[in-house]
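S.K.: Hey, dropping input.cif in here, mmCIF, C-alpha atoms, pLDDT in the B column; chains and numbers go by the auth columns:
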```cif
data_target
#
loop_
_atom_site.group_PDB
_atom_site.id
_atom_site.type_symbol
_atom_site.label_atom_id
_atom_site.label_comp_id
_atom_site.label_asym_id
_atom_site.label_seq_id
_atom_site.Cartn_x
_atom_site.Cartn_y
_atom_site.Cartn_z
_atom_site.B_iso_or_equiv
_atom_site.auth_seq_id
_atom_site.auth_asym_id
ATOM 1 C CA MET A 1 0.000 0.000 0.000 52.00 1 A
ATOM 2 C CA PRO A 2 1.442 3.435 -0.884 58.00 2 A
ATOM 3 C CA LYS A 3 2.454 5.606 2.042 58.00 3 A
ATOM 4 C CA PHE A 4 -0.335 8.150 1.410 57.00 4 A
ATOM 5 C CA GLN A 5 -3.044 5.494 1.513 74.00 5 A
ATOM 6 C CA SER A 6 -1.709 3.847 4.662 86.00 6 A
ATOM 7 C CA ALA A 7 -1.431 7.226 6.440 84.00 7 A
ATOM 8 C CA THR A 8 -5.020 8.012 5.470 87.00 8 A
ATOM 9 C CA CYS A 9 -6.160 4.610 6.708 91.00 9 A
ATOM 10 C CA TYR A 10 -4.355 5.067 10.042 91.00 10 A
ATOM 11 C CA ARG A 11 -5.816 8.558 10.392 87.00 11 A
ATOM 12 C CA LEU A 12 -9.358 7.302 9.738 89.00 12 A
ATOM 13 C CA LEU A 13 -8.937 4.459 12.212 92.00 13 A
ATOM 14 C CA ALA A 14 -7.592 6.894 14.827 89.00 14 A
ATOM 15 C CA ASP A 15 -10.602 9.162 14.232 86.00 15 A
ATOM 16 C CA LEU A 16 -12.928 6.188 14.610 91.00 16 A
ATOM 17 C CA ILE A 17 -11.276 5.199 17.883 92.00 17 A
ATOM 18 C CA VAL A 18 -11.470 8.713 19.315 86.00 18 A
ATOM 19 C CA ALA A 19 -15.158 8.876 18.308 87.00 19 A
ATOM 20 C CA VAL A 20 -15.812 5.541 20.076 93.00 20 A
ATOM 21 C CA HIS A 21 -13.879 6.817 23.094 90.00 21 A
ATOM 22 C CA PHE A 22 -15.987 9.983 23.148 88.00 22 A
ATOM 23 C CA ALA A 23 -19.202 7.924 22.858 93.00 23 A
ATOM 24 C CA TYR A 24 -18.070 5.715 25.760 96.00 24 A
ATOM 25 C CA VAL A 25 -17.427 8.720 28.016 93.00 25 A
ATOM 26 C CA ALA A 26 -20.629 10.452 26.926 94.00 26 A
ATOM 27 C CA PHE A 27 -22.695 7.331 27.622 98.00 27 A
ATOM 28 C CA VAL A 28 -21.263 6.935 31.137 97.00 28 A
ATOM 29 C CA ILE A 29 -21.923 10.579 32.020 96.00 29 A
ATOM 30 C CA VAL A 30 -25.272 11.057 30.296 98.00 30 A
ATOM 31 C CA ALA A 31 -26.641 7.705 31.465 98.00 31 A
ATOM 32 C CA LEU A 32 -26.207 8.663 35.128 98.00 32 A
ATOM 33 C CA ALA A 33 -28.039 11.936 34.555 98.00 33 A
ATOM 34 C CA VAL A 34 -30.823 10.134 32.663 98.00 34 A
ATOM 35 C CA ILE A 35 -31.098 7.487 35.393 98.00 35 A
ATOM 36 C CA LEU A 36 -31.441 10.164 38.079 98.00 36 A
ATOM 37 C CA VAL A 37 -34.061 12.088 36.108 98.00 37 A
ATOM 38 C CA GLY A 38 -35.833 8.851 35.220 97.00 38 A
ATOM 39 C CA ILE A 39 -36.017 7.767 38.842 96.00 39 A
ATOM 40 C CA ALA A 40 -37.444 11.156 39.832 96.00 40 A
ATOM 41 C CA LEU A 41 -39.999 11.029 37.004 97.00 41 A
ATOM 42 C CA ARG A 42 -40.725 7.318 37.535 95.00 42 A
ATOM 43 C CA TRP A 43 -39.585 6.191 34.091 96.00 43 A
ATOM 44 C CA SER A 44 -39.653 2.420 34.356 94.00 44 A
ATOM 45 C CA TRP A 45 -37.079 1.822 31.616 95.00 45 A
ATOM 46 C CA VAL A 46 -34.264 3.371 33.693 96.00 46 A
ATOM 47 C CA ARG A 47 -34.567 0.385 36.010 96.00 47 A
ATOM 48 C CA ASN A 48 -33.753 -2.023 33.188 96.00 48 A
ATOM 49 C CA PHE A 49 -31.197 -4.432 34.596 96.00 49 A
ATOM 50 C CA TRP A 50 -29.043 -4.734 31.462 96.00 50 A
ATOM 51 C CA PHE A 51 -28.884 -0.978 30.874 97.00 51 A
ATOM 52 C CA ARG A 52 -27.867 -0.390 34.482 98.00 52 A
ATOM 53 C CA ALA A 53 -25.417 -3.331 34.582 97.00 53 A
ATOM 54 C CA ILE A 54 -23.647 -2.162 31.420 98.00 54 A
ATOM 55 C CA HIS A 55 -23.470 1.357 32.830 98.00 55 A
ATOM 56 C CA LEU A 56 -22.014 0.132 36.123 98.00 56 A
ATOM 57 C CA LEU A 57 -19.537 -2.128 34.323 98.00 57 A
ATOM 58 C CA MET A 58 -18.371 0.695 32.049 98.00 58 A
ATOM 59 C CA ILE A 59 -17.521 3.043 34.935 98.00 59 A
ATOM 60 C CA ALA A 60 -16.005 0.125 36.893 98.00 60 A
ATOM 61 C CA VAL A 61 -13.564 -0.464 34.010 98.00 61 A
ATOM 62 C CA VAL A 62 -12.546 3.214 34.102 96.00 62 A
ATOM 63 C CA VAL A 63 -12.067 3.157 37.883 97.00 63 A
ATOM 64 C CA PHE A 64 -10.071 -0.101 37.706 97.00 64 A
ATOM 65 C CA GLU A 65 -7.787 1.269 34.977 96.00 65 A
ATOM 66 C CA SER A 66 -7.286 4.499 36.882 94.00 66 A
ATOM 67 C CA LEU A 67 -6.502 2.837 40.212 96.00 67 A
ATOM 68 C CA GLY A 68 -4.173 0.390 38.448 96.00 68 A
ATOM 69 C CA LYS A 69 -2.467 3.227 36.573 93.00 69 A
ATOM 70 C CA ILE A 70 -3.380 1.492 33.303 94.00 70 A
ATOM 71 C CA GLU A 71 -3.648 3.717 30.256 91.00 71 A
ATOM 72 C CA CYS A 72 -6.960 3.291 28.476 91.00 72 A
ATOM 73 C CA PRO A 73 -6.469 0.970 25.486 94.00 73 A
ATOM 74 C CA LEU A 74 -8.483 3.361 23.321 92.00 74 A
ATOM 75 C CA THR A 75 -6.022 6.150 24.109 87.00 75 A
ATOM 76 C CA THR A 76 -3.056 3.874 23.416 91.00 76 A
ATOM 77 C CA TRP A 77 -4.494 2.713 20.075 93.00 77 A
ATOM 78 C CA GLU A 78 -5.421 6.223 18.973 88.00 78 A
ATOM 79 C CA PHE A 79 -1.981 7.623 19.780 87.00 79 A
ATOM 80 C CA ARG A 80 -0.244 4.704 18.023 92.00 80 A
ATOM 81 C CA LEU A 81 -2.400 5.102 14.916 91.00 81 A
ATOM 82 C CA ARG A 82 -1.746 8.858 14.857 87.00 82 A
ATOM 83 C CA GLU A 83 1.974 8.107 15.113 89.00 83 A
ATOM 84 C CA LEU A 84 1.726 5.642 12.212 90.00 84 A
ATOM 85 C CA ALA A 85 -0.131 8.312 10.228 87.00 85 A
ATOM 86 C CA GLY A 86 2.750 10.712 10.887 86.00 86 A
ATOM 87 C CA GLU A 87 0.789 13.095 13.095 80.00 87 A
ATOM 88 C CA THR A 88 0.084 13.944 16.718 73.00 88 A
ATOM 89 C CA PRO A 89 -3.369 13.645 18.338 65.00 89 A
ATOM 90 C CA GLU A 90 -3.824 17.397 17.957 65.00 90 A
ATOM 91 C CA GLU A 91 -3.323 17.088 14.179 62.00 91 A
ATOM 92 C CA GLY A 92 -6.238 14.718 13.554 61.00 92 A
ATOM 93 C CA SER A 93 -9.312 15.425 11.473 61.00 93 A
ATOM 94 C CA PHE A 94 -11.878 18.028 12.519 58.00 94 A
ATOM 95 C CA ILE A 95 -13.990 15.472 14.381 61.00 95 A
ATOM 96 C CA GLY A 96 -10.925 13.799 15.827 63.00 96 A
ATOM 97 C CA ARG A 97 -9.543 17.117 17.110 65.00 97 A
ATOM 98 C CA TRP A 98 -12.855 18.108 18.709 64.00 98 A
ATOM 99 C CA ALA A 99 -13.411 14.731 20.333 67.00 99 A
ATOM 100 C CA HIS A 100 -9.801 14.736 21.534 65.00 100 A
ATOM 101 C CA TRP A 101 -10.180 18.271 22.907 68.00 101 A
ATOM 102 C CA LEU A 102 -13.313 17.223 24.820 68.00 102 A
ATOM 103 C CA LEU A 103 -11.720 14.059 26.222 69.00 103 A
ATOM 104 C CA PHE A 104 -8.210 15.027 27.265 70.00 104 A
ATOM 105 C CA TYR A 105 -7.171 17.684 29.747 69.00 105 A
ATOM 106 C CA ASP A 106 -3.851 18.570 31.314 75.00 106 A
ATOM 107 C CA ILE A 107 -4.838 17.440 34.812 78.00 107 A
ATOM 108 C CA PRO A 108 -2.659 15.464 37.224 84.00 108 A
ATOM 109 C CA PRO A 109 -3.520 11.742 37.042 84.00 109 A
ATOM 110 C CA ARG A 110 -4.315 11.574 40.770 90.00 110 A
ATOM 111 C CA VAL A 111 -7.015 14.242 40.325 88.00 111 A
ATOM 112 C CA LEU A 112 -8.555 12.262 37.468 87.00 112 A
ATOM 113 C CA THR A 113 -8.408 9.087 39.581 92.00 113 A
ATOM 114 C CA ILE A 114 -10.296 10.861 42.371 94.00 114 A
ATOM 115 C CA CYS A 115 -12.891 12.117 39.870 92.00 115 A
ATOM 116 C CA TYR A 116 -13.344 8.658 38.327 94.00 116 A
ATOM 117 C CA CYS A 117 -13.658 7.028 41.754 97.00 117 A
ATOM 118 C CA CYS A 118 -16.202 9.612 42.934 97.00 118 A
ATOM 119 C CA PHE A 119 -18.243 9.200 39.773 97.00 119 A
ATOM 120 C CA GLY A 120 -18.046 5.410 40.087 98.00 120 A
ATOM 121 C CA LEU A 121 -19.171 5.680 43.705 98.00 121 A
ATOM 122 C CA ALA A 122 -22.116 7.847 42.611 98.00 122 A
ATOM 123 C CA VAL A 123 -23.140 5.226 40.033 98.00 123 A
ATOM 124 C CA LEU A 124 -22.848 2.473 42.653 98.00 124 A
ATOM 125 C CA CYS A 125 -24.902 4.497 45.176 98.00 125 A
ATOM 126 C CA VAL A 126 -27.653 5.056 42.616 98.00 126 A
ATOM 127 C CA TRP A 127 -27.577 1.314 41.845 97.00 127 A
ATOM 128 C CA LEU A 128 -28.019 0.518 45.556 97.00 128 A
ATOM 129 C CA LEU A 129 -30.545 3.260 46.414 95.00 129 A
ATOM 130 C CA ALA A 130 -32.662 2.792 43.276 95.00 130 A
ATOM 131 C CA PRO A 131 -31.845 -0.747 42.170 95.00 131 A
ATOM 132 C CA PRO A 132 -32.669 -2.075 38.732 96.00 132 A
ATOM 133 C CA ARG A 133 -35.381 -4.643 38.118 93.00 133 A
ATOM 134 C CA TRP A 134 -33.798 -8.071 38.148 88.00 134 A
ATOM 135 C CA PRO A 135 -34.693 -9.902 34.916 85.00 135 A
ATOM 136 C CA TRP A 136 -35.217 -13.272 36.597 80.00 136 A
ATOM 137 C CA LYS A 137 -37.738 -11.986 39.161 73.00 137 A
ATOM 138 C CA LYS A 138 -41.393 -12.094 38.226 67.00 138 A
ATOM 139 C CA ARG A 139 -43.303 -8.856 38.548 64.00 139 A
ATOM 140 C CA ALA A 140 -46.183 -8.694 40.958 59.00 140 A
ATOM 141 C CA THR A 141 -49.504 -8.879 39.120 53.00 141 A
#
```
Using structure tokens, write down the structure from this file.
M.R.:
Amino acid sequence: MPKFQSATCYRLLADLIVAVHFAYVAFVIVALAVILVGIALRWSWVRNFWFRAIHLLMIAVVVFESLGKIECPLTTWEFRLRELAGETPEEGSFIGRWAHWLLFYDIPPRVLTICYCCFGLAVLCVWLLAPPRWPWKKRAT
């Protein structure tokens, strides 16, 4: 494959990864807000077990990585693909730059770890205080 085509391919893959990364973060944040509003407004769907379990698992992965000082694989892959494309993360496409700008801040890792742990604790508290409907339990008729 000519160098131009491979660089373009790497760039597109890096943009795709940063978009997936952004969607992951957005889901974790927005889902908690929606769950809280849904509980207040008695929306039954926010107690869906699978929705809530996936949400809890997603923030648990972030907390685990942060406490273990493990760099997010999405970040690692994006940076490597940008490197293979001959650019830095700041030099990505328009969407890639915006998503990158929204995701990454120059904050000490320990501050981010505290934020992730607090957010994870909030998700866990909501799970415990307003638990989901368990799929294997029959509803009262």
S.K.: Contacts of segment 62-79 of chain A at 6 Å or less, counting all atoms listed in the file, minus same-chain residues fewer than 5 places along, as a list of chain:residue names?
M.R.: A:Ala14, A:Thr113, A:Tyr116, A:Cys117
S.K.: Fewer than 4 positions away in the same chain doesn't count, so skip those; otherwise give me all residues within 12 Å of Ala53 of chain A, counting all atoms listed in the file, as a VMD selection string.
M.R.: chain A and resid 28 31 46 to 49 57 to 60 123 to 124 126 to 128 131 to 135
S.K.: Around (-3.4, 6.4, 15.5) in the file's frame, which residues reach within 12 Å when counting all atoms listed in the file? Return as an MDAnalysis selection string?
M.R.: chainID A and resid 6:18 73:93 96
S.K.: Between atom CA of Ala122 of chain A and atom CA of Asp106 of chain A, what distance in Å does the model show, to one decimal?
M.R.: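 If I compute the distance from atom CA of Ala122 of chain A to atom CA of Asp106 of chain A, I get 24.0 Å.
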S.K.: I'd like to know which of A:Trp45, A:Phe51, A:Phe104, A:Phe119 is closest to Ile29 of chain A, using all atoms listed in the file.
M.R.: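 Nearest to Ile29 of chain A: A:Phe119.
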S.K.: Rounded to one decimal, what separation in Å do you get between atom CA of Leu36 of chain A and atom CA of Leu56 of chain A?
M.R.: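 Atom CA of Leu56 of chain A lies at a distance of 13.9 Å from atom CA of Leu36 of chain A.
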S.K.: Separation of atom CA of Ile54 of chain A and atom CA of Ala26 of chain A, in Å?
M.R.: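 These atoms are spaced 13.7 Å apart.
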